[in-house]
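Q: Take this structure, written in structure tokens, and hold onto it; I'll ask about it next.
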Amino acid sequence: MLTVICRRGLSSALRNYRTLSSTKRSSSISGEESELRGDGAIRRKDPLGFTIEQTYASVLSFLRRNYTRDLTNVDVAVTGIPLDLATTYRPGARFGPQAIREVSPQVANRKPYPEGIDLFADLAVVDYGDCWFDLSQPHTIPTAIETHARKIIDQNSVFMGGDHYSTYPLLKAHVSRHGKPLSLIQFDAHCDTWPDESSNSINHGSMFYYAVREGLIDPQTSIQIGIRTFNDDFMGVKILDAEWVHQHSVNDVAEEILDRVGNRPTYLPFDIDCLDPAFAPGTGTPVCGGLTMAQSMSILRRLGSINYVGMDIVEVSPPYDQSNITSLAAATIGYRFLCLLRNKKIIDKSFSFGNYSNYK
């Protein structure tokens, strides 16, 4: 019986391999590039469309998108912020962007569920590479991140961390572009509004304390989801703690978020420790009792009407991961971000990336 099962499994695997390897498999790229197989990140010329890739090989880019700094006709630029100097417990998040890229091809190997859309036929996405900064000069890092972000935020942008401090200079860059305080939809185990009076502190527990005080975000139109750590002062930001989420439906959660944010320009940071450690062990400050991956994805799918100006997925620490499940979760969330942006582009015809008039 064991021999029969193994042979059947092998036959099925071979059939799947032949299907994936066949030159007759359809591609969303026409012309001579439709024959490309592998390394599309450096061989594909157009940011739209996809080429057939091996999920375990080829040039390392997020979802195997074009690896380039040419933003011509690009809707969304994805970039890494390999920082972990601000961590208060376990380091390793500097390896997060590369780990997310490594597992991302299997996420994009099929059309997104449940929509079944051809995402990259509609949304031009590139991998812009990583932000460069000098780790031996920590005081220069916030400016380096902000400067890097300013180069790409005329498009929409998805940032991969890296520890969560990086969201602070990213918010500065986005506010300088949009000229007004942003709303915040933050998925996190921690509120990150703990007071820190040092102007030069690089601390991943106080970014939103700085952001509220400096007028980068409007706490009255901002919301945090999944919180399960205490703070004496949440600075006016609405809290949907993890217990509240567990006791309510995903529709209830989404409704609270939509009511809070409305049509304002919004930044969405997703700290991977919002997930319970069962689903994301590879992070610097895990907290038990968090959201499931199923809850998170269902909530995100219901946030399609938000006017996003930027997004990030942070705090993936591969040294503490098991079988890449945290990196896979982050890549899946990043893919869902892109689905939200694609739907915004296709369904809302008045919306264009980087256009401030979207929010008036």
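Just remember, in the structure tokens the first chain shown is A, the second B, etc., residues are 1-based per chain, and ligands are 1-based in the order shown.
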Name all residues at most 9 Å from Tyr56 (chain A) (count only C-alpha atoms; drop same-chain ones fewer than 5 positions away) and give them as JSON, numbers by chain.
A: {"A": [102, 103, 105, 106]}
Q: I'd like the contact shell of region 302-307 of chain A - 6 Å cut-off, only C-alpha atoms, skipping same-chain residues fewer than 3 positions apart - returned as an NGL selection string.
A: :A and (265-266 or 299 or 340)
Q: The selected residues should be written to file as a compact mmCIF listing (two decimals), in the first residue's frame (atoms: all heavy atoms).
A:
# COMPACT_ATOMS: atom_id res chain seq x y z
N PRO A 265 -6.55 60.52 3.85
CA PRO A 265 -5.30 59.84 3.46
C PRO A 265 -4.78 59.01 4.63
O PRO A 265 -4.68 59.51 5.75
CB PRO A 265 -4.36 60.99 3.10
CG PRO A 265 -4.92 62.19 3.78
CD PRO A 265 -6.40 61.99 3.83
N THR A 266 -4.45 57.77 4.35
CA THR A 266 -4.21 56.80 5.42
C THR A 266 -2.94 56.01 5.17
O THR A 266 -2.68 55.56 4.05
CB THR A 266 -5.40 55.82 5.53
OG1 THR A 266 -6.58 56.57 5.84
CG2 THR A 266 -5.17 54.77 6.60
N ILE A 299 -10.02 40.65 7.60
CA ILE A 299 -10.19 42.07 7.90
C ILE A 299 -9.63 42.93 6.77
O ILE A 299 -10.29 43.86 6.28
CB ILE A 299 -9.52 42.43 9.24
CG1 ILE A 299 -10.22 41.71 10.40
CG2 ILE A 299 -9.54 43.95 9.45
CD1 ILE A 299 -9.45 41.76 11.70
N LEU A 340 -5.45 45.17 -2.57
CA LEU A 340 -6.23 46.34 -2.17
C LEU A 340 -5.95 47.52 -3.10
O LEU A 340 -6.87 48.22 -3.53
CB LEU A 340 -5.89 46.74 -0.73
CG LEU A 340 -6.37 45.80 0.38
CD1 LEU A 340 -5.79 46.23 1.72
CD2 LEU A 340 -7.90 45.76 0.45
Q: Could you name the residues that touch Arg342 (chain A) at 9 Å or less, counting only C-alpha atoms, but leaving out those on the same chain fewer than 5 positions away, as a list in words?
A: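 Once the nearby chain positions are removed, what remains is Asp75, Leu119, Phe120, Asp122, Leu123, Phe337 and Ile347 of chain A.
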Q: Which value, in Å to one decimal, gives the distance between CA of Lys345 (chain A) and CA of Phe50 (chain A)?
A: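 About the pair CA of Lys345 (chain A) and CA of Phe50 (chain A): they are 18.6 Å apart.
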Q: For each of A:Thr332, A:His174, A:Asp348, A:Glu315, take the minimum atom-to-atom distance to Asp154 (chain A), counting only C-alpha atoms, then give the residue where this is smallest.
A: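 Under the stated criterion, the closest residue is A:His174.
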Q: Please list as an mmCIF file with N, CA, C and O atoms, in the first residue's frame every residue within 12 Å of Ala254 (chain A), counting only C-alpha atoms and excluding residues in the same chain fewer than 3 positions away.
A:
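Result went into out_9.cif, see below:
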data_model
loop_
_atom_site.group_PDB
_atom_site.id
_atom_site.type_symbol
_atom_site.label_atom_id
_atom_site.label_comp_id
_atom_site.auth_asym_id
_atom_site.auth_seq_id
_atom_site.Cartn_x
_atom_site.Cartn_y
_atom_site.Cartn_z
ATOM 1 N N ILE A 185 -4.005 53.168 10.305
ATOM 2 C CA ILE A 185 -4.622 51.878 10.602
ATOM 3 C C ILE A 185 -3.476 50.945 10.952
ATOM 4 O O ILE A 185 -2.755 50.454 10.084
ATOM 5 N N ILE A 223 -6.588 54.313 14.302
ATOM 6 C CA ILE A 223 -7.072 53.138 15.027
ATOM 7 C C ILE A 223 -5.994 52.067 15.047
ATOM 8 O O ILE A 223 -5.222 51.924 14.095
ATOM 9 N N GLN A 224 -5.917 51.350 16.168
ATOM 10 C CA GLN A 224 -4.949 50.266 16.337
ATOM 11 C C GLN A 224 -5.702 48.973 16.616
ATOM 12 O O GLN A 224 -6.606 48.943 17.455
ATOM 13 N N ILE A 225 -5.296 47.909 15.935
ATOM 14 C CA ILE A 225 -6.003 46.635 15.995
ATOM 15 C C ILE A 225 -5.070 45.544 16.515
ATOM 16 O O ILE A 225 -3.948 45.414 16.041
ATOM 17 N N LEU A 240 -8.778 48.761 19.238
ATOM 18 C CA LEU A 240 -9.521 47.504 19.166
ATOM 19 C C LEU A 240 -8.548 46.422 19.621
ATOM 20 O O LEU A 240 -7.774 45.902 18.815
ATOM 21 N N VAL A 245 -11.325 41.954 19.282
ATOM 22 C CA VAL A 245 -11.353 41.342 17.954
ATOM 23 C C VAL A 245 -11.837 39.898 18.040
ATOM 24 O O VAL A 245 -12.660 39.449 17.230
ATOM 25 N N HIS A 248 -15.618 39.602 18.447
ATOM 26 C CA HIS A 248 -16.464 40.186 17.407
ATOM 27 C C HIS A 248 -16.120 39.591 16.050
ATOM 28 O O HIS A 248 -15.085 38.944 15.881
ATOM 29 N N SER A 249 -16.976 39.823 15.105
ATOM 30 C CA SER A 249 -16.743 39.296 13.762
ATOM 31 C C SER A 249 -15.766 40.193 13.003
ATOM 32 O O SER A 249 -15.555 41.362 13.358
ATOM 33 N N VAL A 250 -15.209 39.659 11.927
ATOM 34 C CA VAL A 250 -14.311 40.463 11.089
ATOM 35 C C VAL A 250 -15.072 41.615 10.445
ATOM 36 O O VAL A 250 -14.500 42.691 10.199
ATOM 37 N N ASN A 251 -16.362 41.433 10.178
ATOM 38 C CA ASN A 251 -17.172 42.526 9.649
ATOM 39 C C ASN A 251 -17.288 43.664 10.657
ATOM 40 O O ASN A 251 -17.243 44.845 10.286
ATOM 41 N N ILE A 257 -13.085 50.201 11.726
ATOM 42 C CA ILE A 257 -11.950 50.835 11.050
ATOM 43 C C ILE A 257 -12.444 51.849 10.022
ATOM 44 O O ILE A 257 -11.974 52.999 9.983
ATOM 45 N N LEU A 258 -13.386 51.443 9.200
ATOM 46 C CA LEU A 258 -13.889 52.318 8.153
ATOM 47 C C LEU A 258 -14.567 53.558 8.732
ATOM 48 O O LEU A 258 -14.403 54.676 8.214
ATOM 49 N N ASP A 259 -15.318 53.387 9.816
ATOM 50 C CA ASP A 259 -15.970 54.526 10.459
ATOM 51 C C ASP A 259 -14.937 55.496 11.030
ATOM 52 O O ASP A 259 -15.139 56.713 11.000
ATOM 53 N N ARG A 260 -13.864 54.977 11.547
ATOM 54 C CA ARG A 260 -12.845 55.821 12.181
ATOM 55 C C ARG A 260 -12.041 56.613 11.147
ATOM 56 O O ARG A 260 -11.756 57.797 11.332
ATOM 57 N N VAL A 261 -11.687 55.977 10.055
ATOM 58 C CA VAL A 261 -10.760 56.569 9.089
ATOM 59 C C VAL A 261 -11.493 57.388 8.030
ATOM 60 O O VAL A 261 -11.009 58.448 7.602
ATOM 61 N N GLY A 262 -12.632 56.907 7.581
ATOM 62 C CA GLY A 262 -13.371 57.610 6.547
ATOM 63 C C GLY A 262 -12.609 57.673 5.235
ATOM 64 O O GLY A 262 -11.992 56.692 4.814
ATOM 65 N N GLN A 295 -8.031 35.696 10.517
ATOM 66 C CA GLN A 295 -8.692 36.930 10.924
ATOM 67 C C GLN A 295 -8.094 38.139 10.208
ATOM 68 O O GLN A 295 -8.812 38.989 9.684
ATOM 69 N N SER A 296 -6.765 38.197 10.202
ATOM 70 C CA SER A 296 -6.086 39.353 9.618
ATOM 71 C C SER A 296 -6.397 39.499 8.139
ATOM 72 O O SER A 296 -6.697 40.604 7.650
ATOM 73 N N MET A 297 -6.333 38.403 7.398
ATOM 74 C CA MET A 297 -6.599 38.463 5.970
ATOM 75 C C MET A 297 -8.048 38.850 5.695
ATOM 76 O O MET A 297 -8.342 39.626 4.784
ATOM 77 N N SER A 298 -8.971 38.316 6.479
ATOM 78 C CA SER A 298 -10.385 38.637 6.284
ATOM 79 C C SER A 298 -10.661 40.106 6.571
ATOM 80 O O SER A 298 -11.444 40.755 5.873
ATOM 81 N N ILE A 299 -10.018 40.649 7.597
ATOM 82 C CA ILE A 299 -10.193 42.074 7.899
ATOM 83 C C ILE A 299 -9.630 42.926 6.767
ATOM 84 O O ILE A 299 -10.289 43.859 6.282
ATOM 85 N N LEU A 300 -8.422 42.614 6.329
ATOM 86 C CA LEU A 300 -7.795 43.400 5.269
ATOM 87 C C LEU A 300 -8.631 43.389 3.994
ATOM 88 O O LEU A 300 -8.758 44.419 3.310
ATOM 89 N N ARG A 301 -9.205 42.253 3.663
ATOM 90 C CA ARG A 301 -10.015 42.170 2.447
ATOM 91 C C ARG A 301 -11.212 43.115 2.480
ATOM 92 O O ARG A 301 -11.736 43.498 1.428
ATOM 93 N N ARG A 302 -11.631 43.502 3.671
ATOM 94 C CA ARG A 302 -12.794 44.363 3.814
ATOM 95 C C ARG A 302 -12.434 45.847 3.893
ATOM 96 O O ARG A 302 -13.294 46.681 4.159
ATOM 97 N N LEU A 303 -11.174 46.182 3.658
ATOM 98 C CA LEU A 303 -10.724 47.566 3.771
ATOM 99 C C LEU A 303 -10.388 48.157 2.409
ATOM 100 O O LEU A 303 -9.471 48.970 2.269
ATOM 101 N N GLY A 304 -11.147 47.772 1.402
ATOM 102 C CA GLY A 304 -10.835 48.181 0.042
ATOM 103 C C GLY A 304 -11.139 49.632 -0.272
ATOM 104 O O GLY A 304 -10.595 50.178 -1.237
ATOM 105 N N SER A 305 -11.971 50.288 0.510
ATOM 106 C CA SER A 305 -12.365 51.658 0.175
ATOM 107 C C SER A 305 -11.421 52.711 0.744
ATOM 108 O O SER A 305 -11.562 53.892 0.456
ATOM 109 N N ILE A 306 -10.451 52.300 1.539
ATOM 110 C CA ILE A 306 -9.548 53.249 2.201
ATOM 111 C C ILE A 306 -8.660 53.948 1.165
ATOM 112 O O ILE A 306 -8.201 53.349 0.198
#
Q: Mind the document's chain letters and residue numbers, and return as number ranges by chain the residues of region 79-305 of chain A that DSSP labels helix (DSSP H, G or I).
A: A: 93-108, 119-122, 138-150, 164-178, 207-213, 219-221, 242-247, 250-261, 272-274, 293-301
Q: Write down as a short mmCIF file (atom, residue, chain, number, x, y, z; two decimals) with all heavy atoms, in the first residue's frame the residues of region 258-330 of chain A whose backbone DSSP state falls under strand (DSSP E or B).
A:
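Resulting contents of states38.cif:
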data_model
loop_
_atom_site.label_atom_id
_atom_site.label_comp_id
_atom_site.auth_asym_id
_atom_site.auth_seq_id
_atom_site.Cartn_x
_atom_site.Cartn_y
_atom_site.Cartn_z
N PRO A 265 -6.55 60.52 3.85
CA PRO A 265 -5.30 59.84 3.46
C PRO A 265 -4.78 59.01 4.63
O PRO A 265 -4.68 59.51 5.75
CB PRO A 265 -4.36 60.99 3.10
CG PRO A 265 -4.92 62.19 3.78
CD PRO A 265 -6.40 61.99 3.83
N THR A 266 -4.45 57.77 4.35
CA THR A 266 -4.21 56.80 5.42
C THR A 266 -2.94 56.01 5.17
O THR A 266 -2.68 55.56 4.05
CB THR A 266 -5.40 55.82 5.53
OG1 THR A 266 -6.58 56.57 5.84
CG2 THR A 266 -5.17 54.77 6.60
N TYR A 267 -2.19 55.82 6.24
CA TYR A 267 -1.01 54.96 6.21
C TYR A 267 -1.34 53.69 7.00
O TYR A 267 -1.92 53.77 8.09
CB TYR A 267 0.19 55.67 6.83
CG TYR A 267 1.50 54.95 6.59
CD1 TYR A 267 2.26 55.20 5.46
CD2 TYR A 267 1.96 53.99 7.49
CE1 TYR A 267 3.45 54.53 5.22
CE2 TYR A 267 3.14 53.32 7.27
CZ TYR A 267 3.88 53.59 6.13
OH TYR A 267 5.06 52.91 5.90
N LEU A 268 -0.96 52.53 6.44
CA LEU A 268 -1.29 51.24 7.06
C LEU A 268 0.00 50.48 7.40
O LEU A 268 0.63 49.91 6.53
CB LEU A 268 -2.16 50.40 6.13
CG LEU A 268 -2.88 49.17 6.71
CD1 LEU A 268 -3.94 48.68 5.74
CD2 LEU A 268 -1.91 48.02 7.01
N PRO A 269 0.41 50.49 8.67
CA PRO A 269 1.53 49.64 9.08
C PRO A 269 1.02 48.33 9.70
O PRO A 269 0.09 48.35 10.50
CB PRO A 269 2.25 50.50 10.14
CG PRO A 269 1.17 51.33 10.74
CD PRO A 269 0.06 51.47 9.72
N PHE A 270 1.62 47.23 9.32
CA PHE A 270 1.26 45.93 9.89
C PHE A 270 2.51 45.34 10.55
O PHE A 270 3.43 44.89 9.87
CB PHE A 270 0.74 44.98 8.80
CG PHE A 270 -0.02 43.79 9.35
CD1 PHE A 270 -1.37 43.64 9.13
CD2 PHE A 270 0.63 42.82 10.10
CE1 PHE A 270 -2.08 42.55 9.63
CE2 PHE A 270 -0.05 41.73 10.62
CZ PHE A 270 -1.40 41.60 10.38
N ASP A 271 2.52 45.41 11.87
CA ASP A 271 3.58 44.76 12.64
C ASP A 271 3.22 43.28 12.74
O ASP A 271 2.14 42.93 13.22
CB ASP A 271 3.67 45.39 14.03
CG ASP A 271 4.86 44.90 14.84
OD1 ASP A 271 5.22 43.70 14.71
OD2 ASP A 271 5.42 45.69 15.61
N LEU A 275 0.01 39.21 14.88
CA LEU A 275 -0.38 37.80 14.85
C LEU A 275 0.08 37.10 16.12
O LEU A 275 1.12 37.44 16.70
CB LEU A 275 0.25 37.11 13.64
CG LEU A 275 -0.08 37.66 12.26
CD1 LEU A 275 0.67 36.88 11.18
CD2 LEU A 275 -1.58 37.64 12.00
N LEU A 291 -3.96 37.85 16.98
CA LEU A 291 -4.86 37.51 15.89
C LEU A 291 -4.35 36.29 15.13
O LEU A 291 -3.15 36.00 15.13
CB LEU A 291 -5.00 38.68 14.92
CG LEU A 291 -6.05 39.75 15.25
CD1 LEU A 291 -5.77 40.42 16.59
CD2 LEU A 291 -6.13 40.78 14.14
N ASN A 307 -8.38 55.23 1.39
CA ASN A 307 -7.46 55.99 0.53
C ASN A 307 -6.04 55.86 1.08
O ASN A 307 -5.56 56.70 1.85
CB ASN A 307 -7.88 57.46 0.46
CG ASN A 307 -9.01 57.67 -0.52
OD1 ASN A 307 -9.01 57.12 -1.62
ND2 ASN A 307 -10.00 58.45 -0.13
N TYR A 308 -5.37 54.81 0.65
CA TYR A 308 -4.02 54.52 1.15
C TYR A 308 -2.98 55.41 0.48
O TYR A 308 -2.99 55.59 -0.74
CB TYR A 308 -3.67 53.06 0.88
CG TYR A 308 -4.59 52.06 1.53
CD1 TYR A 308 -5.55 51.37 0.78
CD2 TYR A 308 -4.52 51.81 2.90
CE1 TYR A 308 -6.41 50.46 1.38
CE2 TYR A 308 -5.38 50.91 3.50
CZ TYR A 308 -6.32 50.22 2.74
OH TYR A 308 -7.16 49.34 3.34
N VAL A 309 -2.06 55.92 1.30
CA VAL A 309 -0.90 56.62 0.74
C VAL A 309 0.36 55.78 0.88
O VAL A 309 1.35 56.00 0.18
CB VAL A 309 -0.69 57.99 1.41
CG1 VAL A 309 -1.90 58.87 1.20
CG2 VAL A 309 -0.40 57.85 2.90
N GLY A 310 0.35 54.82 1.79
CA GLY A 310 1.51 53.96 1.97
C GLY A 310 1.19 52.85 2.96
O GLY A 310 0.22 52.93 3.72
N MET A 311 2.03 51.80 2.91
CA MET A 311 1.82 50.63 3.76
C MET A 311 3.18 50.05 4.14
O MET A 311 4.16 50.22 3.40
CB MET A 311 1.03 49.55 3.01
CG MET A 311 -0.31 50.00 2.46
SD MET A 311 -0.92 48.82 1.22
CE MET A 311 -2.66 49.20 1.24
N ASP A 312 3.23 49.37 5.26
CA ASP A 312 4.45 48.62 5.56
C ASP A 312 4.11 47.33 6.30
O ASP A 312 3.04 47.20 6.91
CB ASP A 312 5.49 49.46 6.31
CG ASP A 312 5.08 49.90 7.71
OD1 ASP A 312 4.58 49.07 8.49
OD2 ASP A 312 5.29 51.10 8.04
N ILE A 313 5.02 46.40 6.20
CA ILE A 313 4.95 45.14 6.95
C ILE A 313 6.30 44.97 7.62
O ILE A 313 7.34 44.92 6.94
CB ILE A 313 4.60 43.94 6.03
CG1 ILE A 313 4.64 42.63 6.80
CG2 ILE A 313 5.45 43.89 4.78
CD1 ILE A 313 3.51 42.45 7.76
N VAL A 314 6.31 44.95 8.96
CA VAL A 314 7.56 45.09 9.71
C VAL A 314 7.71 44.02 10.79
O VAL A 314 6.79 43.27 11.08
CB VAL A 314 7.65 46.49 10.36
CG1 VAL A 314 7.72 47.58 9.30
CG2 VAL A 314 6.47 46.73 11.30
#
